[in-house]
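Colleague: Just so it is clear, I am handing over start04.txt, which has compact mmCIF, C-alpha atoms.
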```txt
# COMPACT_ATOMS: atom_id res chain seq x y z
CA MET A 1 13.05 277.89 217.47
CA GLU A 2 9.62 278.36 218.92
CA HIS A 3 7.78 275.70 220.93
CA LYS A 4 4.42 277.03 219.75
CA ASN A 5 5.43 276.21 216.17
CA PHE A 6 6.60 272.67 216.93
CA GLY A 7 10.15 273.96 217.11
CA LEU A 8 10.03 275.11 213.48
CA THR A 9 11.79 278.24 212.35
CA GLN A 10 10.15 280.32 209.62
CA ALA A 11 12.55 278.69 207.13
CA ASP A 12 11.64 275.19 208.39
CA PHE A 13 7.97 276.04 208.01
CA GLU A 14 8.49 277.15 204.42
CA ARG A 15 10.51 274.00 203.67
CA LEU A 16 7.72 271.89 205.13
CA VAL A 17 5.14 273.52 202.84
CA VAL A 18 7.35 273.00 199.76
CA ASP A 19 8.03 269.36 200.73
CA LEU A 20 4.34 268.62 201.21
CA LYS A 21 3.44 270.18 197.88
CA ARG A 22 5.94 267.75 196.30
CA ASN A 23 4.33 264.97 198.35
CA ASP A 24 7.54 264.48 200.37
CA THR A 25 6.23 263.79 203.88
CA PHE A 26 9.44 262.86 205.73
CA PHE A 27 9.93 266.22 207.45
CA PHE A 28 6.20 266.51 208.21
CA GLU A 29 6.21 263.07 209.82
CA GLN A 30 9.26 263.93 211.95
CA VAL A 31 7.65 267.12 213.23
CA PHE A 32 4.15 265.81 213.85
CA THR A 33 4.87 262.37 215.30
CA LYS A 34 5.72 263.98 218.63
CA GLN A 35 2.82 266.44 218.45
CA PHE A 36 0.41 263.64 217.58
CA GLU A 37 1.25 261.85 220.84
CA GLU A 38 1.06 265.08 222.87
CA THR A 39 -2.35 265.83 221.36
CA MET A 40 -3.66 262.37 222.23
CA VAL A 41 -2.51 262.88 225.82
CA TYR A 42 -4.21 266.30 225.86
CA LEU A 43 -7.52 264.87 224.58
CA LYS A 44 -7.42 262.08 227.15
CA ARG A 45 -6.67 264.53 229.97
CA GLU A 46 -9.00 267.40 229.02
CA PHE A 47 -11.96 265.47 227.62
CA ARG A 48 -11.44 262.05 229.23
CA ALA A 49 -11.30 260.59 225.73
CA ASP A 50 -10.49 256.93 225.44
CA HIS A 51 -7.42 255.91 223.45
CA GLU A 52 -9.28 255.07 220.23
CA ASP A 53 -11.29 258.29 220.17
CA ALA A 54 -8.21 260.40 220.96
CA TYR A 55 -6.27 258.60 218.22
CA ASP A 56 -9.06 259.11 215.67
CA ALA A 57 -9.43 262.81 216.48
CA ALA A 58 -5.67 263.43 216.36
CA MET A 59 -5.39 261.52 213.07
CA ASP A 60 -8.30 263.44 211.54
CA ALA A 61 -6.67 266.69 212.65
CA LEU A 62 -3.34 265.58 211.19
CA VAL A 63 -4.92 264.85 207.80
CA ALA A 64 -6.81 268.17 207.81
CA PHE A 65 -3.69 270.03 208.97
CA ARG A 66 -1.61 268.52 206.16
CA LEU A 67 -4.28 269.51 203.64
CA ARG A 68 -4.21 273.08 204.93
CA PHE A 69 -0.43 273.14 204.53
CA VAL A 70 -0.66 271.93 200.94
CA GLN A 71 -3.46 274.39 200.13
CA GLY A 72 -1.41 277.25 201.57
CA LYS A 73 -4.06 278.00 204.20
CA LEU A 74 -1.63 277.96 207.13
CA SER A 75 0.80 280.67 207.99
CA TYR A 76 3.67 280.61 210.42
CA GLY A 77 2.16 281.32 213.81
CA ASN A 78 0.89 279.34 216.75
CA LEU A 79 0.69 276.04 214.85
CA ARG A 80 0.78 273.89 217.97
CA PHE A 81 -2.30 275.59 219.43
CA LEU A 82 -4.14 275.38 216.12
CA PHE A 83 -3.39 271.67 215.72
CA THR A 84 -4.50 270.89 219.27
CA LYS A 85 -7.64 273.00 218.83
CA MET A 86 -8.48 271.23 215.55
CA ALA A 87 -8.09 267.82 217.22
CA SER A 88 -10.26 268.98 220.13
CA GLN A 89 -12.98 270.18 217.78
CA MET A 90 -12.87 266.92 215.84
CA TYR A 91 -13.16 264.94 219.06
CA LEU A 92 -16.06 267.08 220.28
CA LYS A 93 -17.80 266.84 216.92
CA SER A 94 -17.51 263.05 217.04
CA LYS A 95 -19.05 263.11 220.52
CA LYS A 96 -21.75 265.64 219.67
CA SER A 97 -24.50 263.12 220.29
CA ASN A 98 -23.35 262.92 223.91
CA VAL A 99 -23.74 266.65 224.48
CA HIS A 100 -26.61 267.31 226.89
CA THR A 101 -27.70 270.70 225.58
CA VAL A 102 -27.32 272.78 222.45
CA ASP A 103 -25.88 275.52 224.61
CA ASN A 104 -23.16 273.32 226.10
CA ASP A 105 -22.14 272.45 222.54
CA LEU A 106 -22.27 276.12 221.64
CA LEU A 107 -19.72 276.97 224.31
CA VAL A 108 -17.13 274.60 222.93
CA ASN A 109 -17.83 275.30 219.27
CA GLU A 110 -15.16 277.70 218.02
CA GLU A 111 -16.75 278.26 214.63
CA ALA A 112 -19.17 281.11 213.96
CA VAL A 113 -22.63 280.06 215.07
CA GLU A 114 -25.90 281.89 214.67
CA THR A 115 -26.66 282.12 218.37
CA GLU A 116 -29.13 284.99 218.40
CA THR A 117 -32.01 282.74 217.35
CA ARG A 118 -31.31 279.90 219.80
CA GLU A 119 -33.34 279.62 222.95
CA MET A 120 -31.25 279.14 226.04
CA SER A 121 -31.99 276.10 228.19
CA PRO A 122 -32.94 276.63 231.83
CA GLU A 123 -29.66 274.92 232.82
CA PHE A 124 -27.70 277.36 230.69
CA ASN A 125 -29.56 280.35 232.14
CA ARG A 126 -28.98 279.26 235.75
CA ALA A 127 -25.30 278.59 235.05
CA TRP A 128 -24.97 281.97 233.29
CA GLN A 129 -26.38 283.76 236.35
CA LYS A 130 -23.67 282.17 238.51
CA LEU A 131 -20.84 283.10 236.13
CA GLY A 132 -18.64 286.08 237.04
CA GLU A 133 -19.18 289.42 235.30
CA GLY A 134 -15.75 289.34 233.60
CA CYS A 135 -16.49 285.97 232.05
CA LYS A 136 -19.97 287.06 231.00
CA GLU A 137 -18.53 290.11 229.28
CA LEU A 138 -15.78 288.16 227.51
CA LEU A 139 -18.02 285.30 226.35
CA THR A 140 -20.72 287.72 225.21
CA LYS A 141 -18.24 289.67 223.10
CA TYR A 142 -16.75 286.50 221.65
CA TYR A 143 -19.84 284.38 220.95
CA TYR A 144 -22.61 286.93 220.53
CA GLY A 145 -20.64 289.96 219.39
CA LYS A 146 -18.57 287.71 217.13
CA MET A 147 -15.43 289.64 218.09
CA LYS A 148 -12.05 288.08 217.47
CA LEU A 149 -9.86 287.49 220.52
CA LEU A 150 -7.37 290.05 219.17
CA GLU A 151 -10.13 292.67 219.08
CA ILE A 152 -11.21 291.83 222.61
CA ALA A 153 -7.59 291.99 223.79
CA ASP A 154 -7.20 295.45 222.25
CA GLU A 155 -10.43 296.65 223.81
CA LEU A 156 -9.48 295.33 227.26
CA SER A 157 -5.83 296.43 226.93
CA LYS A 158 -4.64 292.87 227.57
CA SER A 159 -2.39 290.55 225.62
CA PRO A 160 -4.09 288.14 223.17
CA ALA A 161 -2.60 285.19 225.09
CA THR A 162 -4.11 286.46 228.34
CA VAL A 163 -7.53 286.88 226.76
CA ARG A 164 -7.33 283.43 225.13
CA LYS A 165 -6.47 281.81 228.48
CA GLN A 166 -9.22 283.79 230.22
CA LYS A 167 -11.74 282.65 227.59
CA GLU A 168 -10.65 279.03 228.04
CA ARG A 169 -11.09 279.33 231.82
CA CYS A 170 -14.50 280.98 231.39
CA VAL A 171 -15.71 278.29 228.98
CA LYS A 172 -14.46 275.58 231.36
CA LYS A 173 -16.21 277.26 234.30
CA MET A 174 -19.44 277.61 232.32
CA LYS A 175 -19.31 273.94 231.30
CA GLU A 176 -18.79 272.98 234.95
CA LEU A 177 -21.73 275.13 236.04
CA ILE A 178 -23.96 273.64 233.33
CA SER A 179 -23.02 270.09 234.30
CA VAL A 180 -24.01 270.88 237.91
CA GLU A 181 -27.38 272.16 236.66
CA ILE A 182 -28.10 269.08 234.55
```
For the structure just supplied, provide its representation as structure tokens.
Modeller:
Amino acid sequence: MEHKNFGLTQADFERLVVDLKRNDTFFFEQVFTKQFEETMVYLKREFRADHEDAYDAAMDALVAFRLRFVQGKLSYGNLRFLFTKMASQMYLKSKKSNVHTVDNDLLVNEEAVETETREMSPEFNRAWQKLGEGCKELLTKYYYGKMKLLEIADELSKSPATVRKQKERCVKKMKELISVEI
């Protein structure tokens, strides 16, 4: 059983999908009750979310995740990461009005964004100049080149997990640099 898939085997995953399509949520509730709490803790730690906001974001992610299961839009893979990422995006979206610059929001937005036409803020430009070359290259390929992490991993001859972690560290560093500039 894999931790990244909430401890589900491929067979458990398939059973979960069948159960949800029949509107039987018992197994789903058993699996996600623990993940729900872990995700709330993650949101509080990583984004300094208060309890209510973390709860709302995790609940919204849970509802959206269930819908994706029922619609057959999820496949067996790194479900835990996807769920946590969905909750993070929902939290950030709910806090969008608190984002200081369009570019700071751009860095944390995982969806495709038309960035070529956006003007960069002076804070973003100064932070970008301070960022290491490796991070600049990775973020440029990901956000501007619209390359998938798997493609970047292949190109750099690194594992996808390594590239994903590196991207997360680069985004975090860039956000820190921007906050210093603001």
Colleague: Hey, which of A:Phe13, A:Phe28, A:Phe124, A:Phe6 ends up closest to A:Arg80? Count all atoms listed in the file.
Modeller: A:Phe6
Colleague: Work out how far apart atom CA of A:Glu46 and atom CA of A:Met59 are and give it in Å to one decimal.
Modeller: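 Separation between atom CA of A:Glu46 and atom CA of A:Met59: 17.4 Å.
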Colleague: Take atom CA of A:His51 and atom CA of A:Thr25 and report the distance between them in Å, one decimal.
Modeller: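 Going from atom CA of A:His51 over to atom CA of A:Thr25, I get 25.1 Å.
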Colleague: Given only C-alpha atoms, how would the per-residue table for stretch 37-92 of chain A near stretch 158-180 of chain A read, listing every residue at most 12 Å away with its closest atom pair and distance in Å to one decimal, sorted by chain and number, as a tab-separated table?
Modeller:
```
residue	atom	partner	partner_atom	distance
A:Glu46	CA	A:Lys172	CA	10.1
A:Phe47	CA	A:Lys172	CA	11.1
A:Asn78	CA	A:Ala161	CA	10.8
A:Phe81	CA	A:Arg164	CA	10.9
A:Lys85	CA	A:Glu168	CA	11.4
```
Colleague: Near A:Met86, counting all atoms listed in the file, which residues have an atom at most 12 Å away, once you skip same-chain residues fewer than 3 positions from it, shown as a ChimeraX atom specification?
Modeller: /A:36,39,43,57-66,68,79-83,89-93,108-111
